[in-house]
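Structure, as structure tokens:
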Amino acid sequence: MEPRRSIDFSLLLRIELKSSLLPSLNVVHASHLMELPTKVLIGEGVLSELGEFVRESTGRKKVVVASGSNVQSKVRDIVDSALGSQAAWVQVIAADTENVKRVMQASMGSGCIIGVGGGKSVDVGKLAAFRRHLPFYSVPTSASHDGISSPFASLKGLDRPYSVMAKPPLGILADIDVIASAPRRLLSSGCGDLVSKLTAVKDWQLAARVTGEYYGGYAASLALMSANVVIDGSKKIGRFGRDSVRDLVEALISTGVAAGIAGSSRPCSGSEHLFSHYLDLLAPNSGLHGEKCGIGTIMMAKLHGLDWRAVRSALVNVGAPVTASEIGVCDEKVIESLVRASSIRPDRYTILSRRRMNRRSAGELAGSTGVV
Ligand SMILES: [Zn+2]
């Protein structure tokens, strides 16, 4: 068994960011706030240490544990014995505002909120804690996307179809035993969300050149490093041994931290995420977030002149889908999503703002990359 590892991040750095990374623009950017997780506990069997991990926030107060029913059947005994009588469970049914309200109601008088699960419970718990001004702890039971550490929450019922800014978790506890036993499909999806940083960073660089938007070279490098964990090591990652799962989880945590450093989702989310969000609207129950982002990355990589074949083969190696039919989406919806994706968030300049898609060019792009 590998030793557990604990990572410390400093919290709340306020810095003045100047344009030194892009001297040609000669622009001095406004200050921005960096909010980061303060501690990460990662290792095999660490879930049993959850009580100690959250103790500083709770004292003797109750602890709201937001979780779905599948996850509860898997880990409830361990969590209950770690938290004792302090645990107050709230079942999360969907990632929407109704569930956020229920978690908020249950959290009256509690010391913190813990989101235990995959995407839904972490997103719901994170937004509920943000609105209640309570500390939030993220306990991922799968590694399917980077929301486990980011300051963003992705929910239905908000006024927009993409993530909203909340706060990053105060702490993240990632038990590799639990995450490695999640279905392979979830791990493959996490790889899709990781490779998407390649095109997200390209879009960010493009936007900085065209619009003068702030670009943070450090946050971009951190996100790219995480993407390259999958691109460079896809054959090994695809076997999903314990060490690979750990690399995957650490890479996902780091991309969420990159967003915290950037003060925006820019290093993690570009045109490939806009494509994925539009597909969410057209085909809400088809494909996981990371799967759709991975497919979007193949196409956006081609538009950016990147090696899209390398992206595609890395996704194949980790068992992630690379075609529309593999996620049960018809060709027409892919084409419509390509044409309309940039309308979902007009303030975000990406390659889809520069290379406006029409039905013909969208069909060519999706066809030439093998997506349709
Ligand atoms: Zn994502």
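Scheme for the structure tokens: letters A, B, ... for chains in order shown; per-chain residue numbers from 1; ligand numbers from 1 in order shown.
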Sel. of alpha helix (DSSP H) residues, segment 42-276 of chain A, as a ChimeraX atom specification: /A:50-58,69-83,97-106,119-132,176-180,184-195,197-211,217-237,242-262,271-276
Okay, now the selection with C-alpha atoms, as a compact mmCIF listing (two decimals), in the first residue's frame?
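Writing done, so here's selection25.txt:
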```txt
# COMPACT_ATOMS: atom_id res chain seq x y z
CA LEU A 50 -13.00 11.69 7.25
CA GLY A 51 -14.02 12.62 10.82
CA GLU A 52 -10.56 13.91 11.67
CA PHE A 53 -10.27 15.60 8.25
CA VAL A 54 -13.32 17.83 8.82
CA ARG A 55 -12.92 18.26 12.59
CA GLU A 56 -11.56 21.82 12.43
CA SER A 57 -14.83 22.98 10.83
CA THR A 58 -17.28 21.00 12.87
CA SER A 69 -28.34 6.44 -3.11
CA ASN A 70 -25.82 4.27 -5.02
CA VAL A 71 -22.91 5.89 -3.27
CA GLN A 72 -24.62 5.57 0.11
CA SER A 73 -25.00 1.84 -0.33
CA LYS A 74 -21.27 1.65 -1.04
CA VAL A 75 -19.65 3.88 1.57
CA ARG A 76 -22.27 4.82 4.19
CA ASP A 77 -20.93 2.43 6.83
CA ILE A 78 -17.40 3.81 6.56
CA VAL A 79 -18.59 7.44 6.61
CA ASP A 80 -20.92 6.80 9.55
CA SER A 81 -18.21 5.21 11.61
CA ALA A 82 -15.81 8.08 10.72
CA LEU A 83 -18.31 10.84 11.64
CA THR A 97 -31.63 23.85 -7.70
CA GLU A 98 -34.33 21.86 -5.87
CA ASN A 99 -31.68 19.56 -4.42
CA VAL A 100 -29.49 22.54 -3.53
CA LYS A 101 -32.44 23.97 -1.53
CA ARG A 102 -32.96 20.69 0.33
CA VAL A 103 -29.29 20.50 1.30
CA MET A 104 -29.38 24.15 2.40
CA GLN A 105 -32.44 23.51 4.59
CA ALA A 106 -30.80 20.48 6.18
CA GLY A 119 -20.64 14.81 -10.10
CA LYS A 120 -24.11 15.47 -8.71
CA SER A 121 -23.52 15.39 -4.97
CA VAL A 122 -20.31 17.39 -5.14
CA ASP A 123 -21.92 20.10 -7.31
CA VAL A 124 -25.07 20.29 -5.17
CA GLY A 125 -23.13 20.32 -1.89
CA LYS A 126 -20.67 22.90 -3.20
CA LEU A 127 -23.36 25.40 -4.22
CA ALA A 128 -25.41 24.82 -1.05
CA ALA A 129 -22.33 25.47 1.12
CA PHE A 130 -21.45 28.58 -0.91
CA ARG A 131 -24.96 30.00 -0.43
CA ARG A 132 -24.97 29.12 3.28
CA ILE A 176 -8.13 5.60 -4.14
CA ASP A 177 -9.68 2.28 -3.03
CA VAL A 178 -13.16 3.74 -3.51
CA ILE A 179 -12.39 5.61 -6.75
CA ALA A 180 -10.58 2.65 -8.36
CA ARG A 184 -14.36 2.10 -15.79
CA ARG A 185 -16.60 4.36 -17.83
CA LEU A 186 -16.37 7.06 -15.15
CA LEU A 187 -12.57 6.94 -15.15
CA SER A 188 -12.49 7.11 -18.98
CA SER A 189 -14.79 10.12 -18.80
CA GLY A 190 -12.35 11.80 -16.42
CA CYS A 191 -9.67 11.34 -19.08
CA GLY A 192 -11.96 13.11 -21.58
CA ASP A 193 -12.31 16.10 -19.24
CA LEU A 194 -8.51 16.17 -18.83
CA VAL A 195 -7.61 16.19 -22.55
CA LYS A 197 -7.57 21.38 -21.35
CA LEU A 198 -5.49 21.28 -24.56
CA THR A 199 -8.10 23.19 -26.54
CA ALA A 200 -9.33 25.22 -23.54
CA VAL A 201 -5.83 26.69 -23.14
CA LYS A 202 -5.55 27.31 -26.91
CA ASP A 203 -8.87 29.17 -26.79
CA TRP A 204 -7.66 31.21 -23.82
CA GLN A 205 -4.47 32.20 -25.66
CA LEU A 206 -6.49 33.12 -28.75
CA ALA A 207 -8.88 35.25 -26.66
CA ALA A 208 -5.96 37.05 -25.00
CA ARG A 209 -4.52 37.93 -28.41
CA VAL A 210 -7.80 39.03 -29.93
CA THR A 211 -9.65 40.66 -27.03
CA GLY A 217 0.63 31.43 -18.14
CA TYR A 218 1.08 29.56 -14.89
CA ALA A 219 -2.54 28.40 -14.63
CA ALA A 220 -2.44 27.44 -18.32
CA SER A 221 0.75 25.38 -17.84
CA LEU A 222 -0.75 23.57 -14.86
CA ALA A 223 -3.86 22.65 -16.87
CA LEU A 224 -1.75 21.47 -19.83
CA MET A 225 0.41 19.35 -17.58
CA SER A 226 -2.72 17.55 -16.41
CA ALA A 227 -3.93 17.00 -19.99
CA ASN A 228 -0.55 15.52 -20.88
CA VAL A 229 -0.86 12.92 -18.11
CA VAL A 230 -3.46 11.33 -20.41
CA ILE A 231 -1.96 12.23 -23.81
CA ASP A 232 1.55 10.96 -22.95
CA GLY A 233 0.57 7.99 -20.80
CA SER A 234 -2.74 6.85 -22.25
CA LYS A 235 -1.80 3.16 -22.67
CA LYS A 236 -0.75 2.84 -19.03
CA ILE A 237 -3.58 5.03 -17.74
CA ARG A 242 -4.03 1.92 -8.61
CA ASP A 243 -1.08 4.16 -9.53
CA SER A 244 -2.80 5.30 -12.75
CA VAL A 245 -6.02 6.08 -10.90
CA ARG A 246 -4.02 8.13 -8.44
CA ASP A 247 -2.32 10.05 -11.29
CA LEU A 248 -5.73 10.65 -12.83
CA VAL A 249 -7.22 11.96 -9.58
CA GLU A 250 -4.23 14.21 -8.89
CA ALA A 251 -4.41 15.58 -12.45
CA LEU A 252 -8.14 16.33 -12.06
CA ILE A 253 -7.56 18.02 -8.71
CA SER A 254 -4.79 20.12 -10.28
CA THR A 255 -6.98 21.36 -13.13
CA GLY A 256 -9.57 22.52 -10.61
CA VAL A 257 -6.74 24.31 -8.78
CA ALA A 258 -5.66 25.86 -12.12
CA ALA A 259 -9.15 27.38 -12.39
CA GLY A 260 -8.78 28.70 -8.84
CA ILE A 261 -5.45 30.33 -9.74
CA ALA A 262 -6.86 31.79 -12.96
CA SER A 271 -14.87 25.66 -27.20
CA GLU A 272 -14.97 21.89 -26.52
CA HIS A 273 -16.99 22.58 -23.33
CA LEU A 274 -19.35 24.93 -25.23
CA PHE A 275 -19.94 22.07 -27.69
CA SER A 276 -20.58 19.70 -24.79
```
What residues have any atom no more than 8 Å from ligand 1 when counting only C-alpha atoms and all ligand atoms, and can you list them as number ranges by chain? A: 145-147, 193-194, 196, 268-269, 273, 289-290, 293
Those selected residues, please, written with N, CA and C atoms and delivered as a PDB file, in the first residue's frame.
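Wrote out38.pdb, looks like this:
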```
ATOM      1  N   HIS A 145     -14.685  13.909 -13.666  1.00  0.00           N
ATOM      2  CA  HIS A 145     -14.547  15.304 -14.146  1.00  0.00           C
ATOM      3  C   HIS A 145     -13.818  16.136 -13.092  1.00  0.00           C
ATOM      4  N   ASP A 146     -13.490  17.401 -13.441  1.00  0.00           N
ATOM      5  CA  ASP A 146     -12.636  18.188 -12.550  1.00  0.00           C
ATOM      6  C   ASP A 146     -13.418  19.023 -11.536  1.00  0.00           C
ATOM      7  N   GLY A 147     -14.746  18.842 -11.480  1.00  0.00           N
ATOM      8  CA  GLY A 147     -15.536  19.572 -10.483  1.00  0.00           C
ATOM      9  C   GLY A 147     -15.202  19.175  -9.058  1.00  0.00           C
ATOM     10  N   ASP A 193     -12.316  14.735 -19.797  1.00  0.00           N
ATOM     11  CA  ASP A 193     -12.306  16.097 -19.242  1.00  0.00           C
ATOM     12  C   ASP A 193     -10.871  16.618 -19.148  1.00  0.00           C
ATOM     13  N   LEU A 194      -9.909  15.726 -18.916  1.00  0.00           N
ATOM     14  CA  LEU A 194      -8.512  16.167 -18.834  1.00  0.00           C
ATOM     15  C   LEU A 194      -7.960  16.595 -20.195  1.00  0.00           C
ATOM     16  N   SER A 196      -9.427  17.823 -22.570  1.00  0.00           N
ATOM     17  CA  SER A 196     -10.089  19.045 -23.045  1.00  0.00           C
ATOM     18  C   SER A 196      -9.300  20.312 -22.676  1.00  0.00           C
ATOM     19  N   CYS A 268      -9.683  25.479 -18.017  1.00  0.00           N
ATOM     20  CA  CYS A 268     -10.332  24.165 -18.004  1.00  0.00           C
ATOM     21  C   CYS A 268     -11.454  24.034 -19.009  1.00  0.00           C
ATOM     22  N   SER A 269     -11.919  25.114 -19.559  1.00  0.00           N
ATOM     23  CA  SER A 269     -13.162  25.054 -20.319  1.00  0.00           C
ATOM     24  C   SER A 269     -13.130  26.038 -21.485  1.00  0.00           C
ATOM     25  N   HIS A 273     -15.961  22.599 -24.369  1.00  0.00           N
ATOM     26  CA  HIS A 273     -16.991  22.581 -23.331  1.00  0.00           C
ATOM     27  C   HIS A 273     -18.276  23.245 -23.842  1.00  0.00           C
ATOM     28  N   HIS A 289     -20.342  14.010 -19.063  1.00  0.00           N
ATOM     29  CA  HIS A 289     -19.702  15.306 -19.332  1.00  0.00           C
ATOM     30  C   HIS A 289     -18.320  15.133 -19.987  1.00  0.00           C
ATOM     31  N   GLY A 290     -17.469  14.326 -19.359  1.00  0.00           N
ATOM     32  CA  GLY A 290     -16.109  14.169 -19.874  1.00  0.00           C
ATOM     33  C   GLY A 290     -16.076  13.475 -21.235  1.00  0.00           C
ATOM     34  N   CYS A 293     -16.953  16.189 -23.758  1.00  0.00           N
ATOM     35  CA  CYS A 293     -15.831  17.140 -23.870  1.00  0.00           C
ATOM     36  C   CYS A 293     -14.678  16.509 -24.656  1.00  0.00           C
TER      37      CYS A 293
END
```
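Nearest residue to Ala30 of chain A, choosing from A:Glu49, A:Gly84, A:Val116, A:Gly263 and counting only C-alpha atoms: A:Gly263.
With atom CA of Ile298 of chain A on one side and atom CA of Val322 of chain A on the other, the separation reads 8.0 Å.
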Shell of 10 Å around segment 335-339 of chain A, only C-alpha atoms, local chain residues under 5 positions omitted, as a JSON list (two decimals) with N, CA, C and O atoms, in the first residue's frame:
```
[["chain", "number", "residue", "atom", "x", "y", "z"],
["A", 271, "SER", "N", -13.89, 25.98, -26.16],
["A", 271, "SER", "CA", -14.87, 25.66, -27.20],
["A", 271, "SER", "C", -15.40, 24.23, -27.07],
["A", 271, "SER", "O", -16.57, 23.96, -27.35],
["A", 272, "GLU", "N", -14.53, 23.29, -26.65],
["A", 272, "GLU", "CA", -14.97, 21.89, -26.52],
["A", 272, "GLU", "C", -16.04, 21.76, -25.43],
["A", 272, "GLU", "O", -16.95, 20.94, -25.55],
["A", 274, "LEU", "N", -18.14, 24.30, -24.65],
["A", 274, "LEU", "CA", -19.35, 24.93, -25.23],
["A", 274, "LEU", "C", -20.10, 23.91, -26.09],
["A", 274, "LEU", "O", -21.32, 23.80, -26.03],
["A", 275, "PHE", "N", -19.33, 23.15, -26.89],
["A", 275, "PHE", "CA", -19.94, 22.07, -27.69],
["A", 275, "PHE", "C", -20.66, 21.08, -26.79],
["A", 275, "PHE", "O", -21.81, 20.71, -27.02],
["A", 276, "SER", "N", -20.00, 20.67, -25.72],
["A", 276, "SER", "CA", -20.58, 19.70, -24.79],
["A", 276, "SER", "C", -21.85, 20.26, -24.13],
["A", 276, "SER", "O", -22.86, 19.56, -24.00],
["A", 277, "HIS", "N", -21.80, 21.53, -23.73],
["A", 277, "HIS", "CA", -22.98, 22.14, -23.08],
["A", 277, "HIS", "C", -24.16, 22.22, -24.06],
["A", 277, "HIS", "O", -25.31, 22.03, -23.67],
["A", 278, "TYR", "N", -23.86, 22.50, -25.34],
["A", 278, "TYR", "CA", -24.98, 22.58, -26.31],
["A", 278, "TYR", "C", -25.58, 21.19, -26.52],
["A", 278, "TYR", "O", -26.80, 21.03, -26.60],
["A", 279, "LEU", "N", -24.69, 20.20, -26.56],
["A", 279, "LEU", "CA", -25.17, 18.82, -26.69],
["A", 279, "LEU", "C", -26.02, 18.42, -25.48],
["A", 279, "LEU", "O", -26.99, 17.67, -25.60],
["A", 280, "ASP", "N", -25.68, 18.96, -24.30],
["A", 280, "ASP", "CA", -26.49, 18.71, -23.09],
["A", 280, "ASP", "C", -27.94, 19.16, -23.32],
["A", 280, "ASP", "O", -28.88, 18.53, -22.85],
["A", 281, "LEU", "N", -28.08, 20.30, -24.02],
["A", 281, "LEU", "CA", -29.43, 20.83, -24.26],
["A", 281, "LEU", "C", -30.18, 19.96, -25.27],
["A", 281, "LEU", "O", -31.37, 19.70, -25.12],
["A", 282, "LEU", "N", -29.48, 19.53, -26.32],
["A", 282, "LEU", "CA", -30.14, 18.77, -27.40],
["A", 282, "LEU", "C", -30.36, 17.30, -27.03],
["A", 282, "LEU", "O", -31.33, 16.68, -27.47],
["A", 296, "GLY", "N", -15.56, 16.64, -28.24],
["A", 296, "GLY", "CA", -15.42, 18.04, -28.66],
["A", 296, "GLY", "C", -13.96, 18.43, -28.85],
["A", 296, "GLY", "O", -13.61, 19.17, -29.78],
["A", 299, "MET", "N", -12.43, 17.59, -32.26],
["A", 299, "MET", "CA", -12.81, 18.50, -33.35],
["A", 299, "MET", "C", -12.18, 19.88, -33.17],
["A", 299, "MET", "O", -11.68, 20.48, -34.14],
["A", 300, "MET", "N", -12.18, 20.40, -31.94],
["A", 300, "MET", "CA", -11.61, 21.74, -31.71],
["A", 300, "MET", "C", -10.09, 21.72, -31.90],
["A", 300, "MET", "O", -9.50, 22.70, -32.32],
["A", 330, "CYS", "N", -27.22, 11.37, -32.51],
["A", 330, "CYS", "CA", -27.26, 11.30, -33.98],
["A", 330, "CYS", "C", -26.37, 12.40, -34.58],
["A", 330, "CYS", "O", -26.05, 13.40, -33.92],
["A", 344, "ILE", "N", -24.05, 29.93, -26.86],
["A", 344, "ILE", "CA", -24.40, 29.59, -25.48],
["A", 344, "ILE", "C", -23.73, 30.55, -24.50],
["A", 344, "ILE", "O", -24.23, 30.80, -23.41],
["A", 352, "LEU", "N", -14.42, 28.96, -31.96],
["A", 352, "LEU", "CA", -15.73, 28.95, -32.61],
["A", 352, "LEU", "C", -16.26, 30.37, -32.83],
["A", 352, "LEU", "O", -17.20, 30.57, -33.60],
["A", 356, "ARG", "N", -16.56, 30.77, -37.49],
["A", 356, "ARG", "CA", -18.01, 30.54, -37.41],
["A", 356, "ARG", "C", -18.40, 29.32, -38.24],
["A", 356, "ARG", "O", -18.08, 29.24, -39.41],
["A", 357, "MET", "N", -19.09, 28.41, -37.61],
["A", 357, "MET", "CA", -19.47, 27.17, -38.30],
["A", 357, "MET", "C", -20.82, 27.35, -38.99],
["A", 357, "MET", "O", -21.73, 27.97, -38.43],
["A", 358, "ASN", "N", -20.93, 26.83, -40.20],
["A", 358, "ASN", "CA", -22.25, 26.66, -40.80],
["A", 358, "ASN", "C", -22.46, 25.15, -40.96],
["A", 358, "ASN", "O", -21.58, 24.36, -40.61],
["A", 359, "ARG", "N", -23.59, 24.77, -41.46],
["A", 359, "ARG", "CA", -23.90, 23.33, -41.51],
["A", 359, "ARG", "C", -22.86, 22.57, -42.34],
["A", 359, "ARG", "O", -22.48, 21.46, -42.02],
["A", 360, "ARG", "N", -22.42, 23.23, -43.41],
["A", 360, "ARG", "CA", -21.48, 22.54, -44.29],
["A", 360, "ARG", "C", -20.12, 22.36, -43.60],
["A", 360, "ARG", "O", -19.57, 21.25, -43.55],
["A", 361, "SER", "N", -19.59, 23.44, -43.04],
["A", 361, "SER", "CA", -18.26, 23.33, -42.40],
["A", 361, "SER", "C", -18.31, 22.44, -41.16],
["A", 361, "SER", "O", -17.37, 21.70, -40.86],
["A", 362, "ALA", "N", -19.45, 22.49, -40.45],
["A", 362, "ALA", "CA", -19.59, 21.63, -39.26],
["A", 362, "ALA", "C", -19.61, 20.15, -39.68],
["A", 362, "ALA", "O", -18.97, 19.30, -39.05],
["A", 363, "GLY", "N", -20.34, 19.86, -40.76],
["A", 363, "GLY", "CA", -20.40, 18.48, -41.25],
["A", 363, "GLY", "C", -19.03, 18.00, -41.69],
["A", 363, "GLY", "O", -18.64, 16.85, -41.42],
["A", 364, "GLU", "N", -18.28, 18.88, -42.34],
["A", 364, "GLU", "CA", -16.93, 18.51, -42.80],
["A", 364, "GLU", "C", -16.01, 18.23, -41.62],
["A", 364, "GLU", "O", -15.25, 17.27, -41.60],
["A", 365, "LEU", "N", -16.10, 19.11, -40.60],
["A", 365, "LEU", "CA", -15.24, 18.95, -39.42],
["A", 365, "LEU", "C", -15.55, 17.63, -38.71],
["A", 365, "LEU", "O", -14.65, 16.83, -38.39],
["A", 366, "ALA", "N", -16.85, 17.40, -38.46],
["A", 366, "ALA", "CA", -17.23, 16.18, -37.72],
["A", 366, "ALA", "C", -16.92, 14.93, -38.55],
["A", 366, "ALA", "O", -16.49, 13.90, -38.01],
["A", 367, "GLY", "N", -17.11, 15.04, -39.88],
["A", 367, "GLY", "CA", -16.84, 13.87, -40.75],
["A", 367, "GLY", "C", -15.36, 13.59, -40.85],
["A", 367, "GLY", "O", -14.92, 12.43, -40.76],
["A", 372, "VAL", "N", -18.61, 11.81, -36.79],
["A", 372, "VAL", "CA", -19.86, 11.31, -37.40],
["A", 372, "VAL", "C", -19.53, 10.47, -38.63],
["A", 372, "VAL", "O", -18.43, 10.55, -39.16]]
```
Separation of atom CA of Arg309 of chain A and atom CA of Ala182 of chain A, in Å? 28.4 Å
Backbone DSSP call of strand (DSSP E or B) for segment 141-280 of chain A, listed as a list in words: Phe152, Ala153, Lys156, Val164, Met165, Gly171, Ile172, Leu173, Ala174 and Asp175 of chain A
Write a file of the just-selected residues containing C-alpha atoms, as a compact mmCIF listing (two decimals), in the first residue's frame.
```txt
# COMPACT_ATOMS: atom_id res chain seq x y z
CA PHE A 152 -17.51 25.89 -10.12
CA ALA A 153 -20.81 24.05 -9.86
CA LYS A 156 -29.78 22.37 -13.98
CA VAL A 164 -21.58 28.91 -12.08
CA MET A 165 -18.86 30.32 -9.86
CA GLY A 171 -10.68 20.22 1.62
CA ILE A 172 -10.69 17.25 -0.75
CA LEU A 173 -10.46 13.69 0.52
CA ALA A 174 -9.85 11.17 -2.27
CA ASP A 175 -9.85 7.48 -1.31
```
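Remark: for Lys333 of chain A, the closest of the candidate residues A:Val318, A:Ala95, A:Pro284, A:Tyr349 is A:Pro284 (distances computed over only C-alpha atoms).
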